[in-house]
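Read the structure below first, then the notes.
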Amino acid sequence: MRPAKLRLGDLQLRILRVLWQQGECGVTEVHQALGAARYAYTTVATMLRKMEARKLVAHRPDGRRFVYFPLVKEDAVARSAAAEFVDRIFKGSLTAAVCQLLDSRDVSREELEALERLIAERKDTETPHQPGC
């Protein structure tokens with residue numbers, strides 16, 4: 001099963017991380033969590049509205065303000081980004097992607113053993129993979 005495409009910009013991902021961590025926030029809280037000096041308040045408010053139009057977040061009224069909460073789960077975003085990365089950069093080759101990652105990082109023996117276990121589990125499973133390592 002292919003994950004839904006959730007192409008996110010850097011600011012969108014940062015906003016979602018704030019909402020995943022805090023659950024729900026008003027624009028002011030998101031703005032402060034992002035670092036008020038880094039982004040204009042109006043930029044954060046505009047981005048939240050655009051994200052709501054894309055059904056990434058939703059809001060509920062709380063007095064005179066809107067409180068935003070995520071509609072997409074962190075693991076769904078990670079799966080989508082990983083699939084897009086493999087498709088765009090490595091023409092769909094998981095082998096090429098893993099090879100590049102292994103060549104570009106220091107990998108501990110423990111991490112290699114964990115990867116070996118994941119591969120062995122996948123080989124032994126006759127049912128389709130369920131998300132989450």
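Chain identifiers are assigned as A, B, and so on, following the order in which chains appear in the structure tokens; residues are numbered from 1 within each chain, and ligands are numbered from 1 in order of appearance.
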
Mind running segment 49-78 of chain A against segment 11-28 of chain A at 10 Å and telling me each contacting residue's nearest atom pair with the distance in Å (one decimal), counting only C-alpha atoms, chain and number ascending, as CSV?
```
residue,atom,partner,partner_atom,distance
A:Lys50,CA,A:Gln12,CA,9.4
A:Met51,CA,A:Gln12,CA,7.4
A:Leu56,CA,A:Leu16,CA,8.3
A:Val57,CA,A:Leu16,CA,8.1
A:Ala58,CA,A:Glu24,CA,9.7
A:His59,CA,A:Glu24,CA,8.7
A:Arg60,CA,A:Glu24,CA,9.6
A:Pro61,CA,A:Gly26,CA,9.7
A:Asp62,CA,A:Gly26,CA,8.9
A:Arg65,CA,A:Gly26,CA,7.0
A:Phe66,CA,A:Gly26,CA,5.8
A:Val67,CA,A:Gly26,CA,4.4
A:Tyr68,CA,A:Glu24,CA,5.3
A:Phe69,CA,A:Glu24,CA,4.5
A:Pro70,CA,A:Leu19,CA,6.1
A:Leu71,CA,A:Leu16,CA,9.4
A:Val72,CA,A:Leu16,CA,8.5
A:Lys73,CA,A:Trp20,CA,7.9
A:Glu74,CA,A:Trp20,CA,7.3
A:Val77,CA,A:Leu13,CA,8.9
```

If you take only C-alpha atoms and a cut-off of 12 Å, which residues of segment 20-79 of chain A touch segment 83-87 of chain A, and what are their nearest atom pairs and distances in Å to one decimal, in chain and number order, as a Markdown table?
```
| residue | atom | partner | partner_atom | distance |
| --- | --- | --- | --- | --- |
| A:Ala76 | CA | A:Ala83 | CA | 10.6 |
| A:Val77 | CA | A:Ala83 | CA | 9.9 |
| A:Ala78 | CA | A:Ala83 | CA | 8.5 |
| A:Arg79 | CA | A:Ala83 | CA | 6.1 |
```

Worksheet item: Taking the backbone alone, and naming residues the way the document does, which bits of chain A are strand (DSSP E) by DSSP, as a ChimeraX atom specification?
Response: /A:25-26,57-62,65-70

Worksheet entry | Secondary structure check, alpha helix (DSSP H) residues of chain A, as a VMD selection string | chain A and resid 10 to 22 27 to 34 41 to 53 74 to 90 94 to 104 109 to 124

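Put simply, atom CA of Leu34 of chain A is 29.2 Å away from atom CA of Ser104 of chain A.
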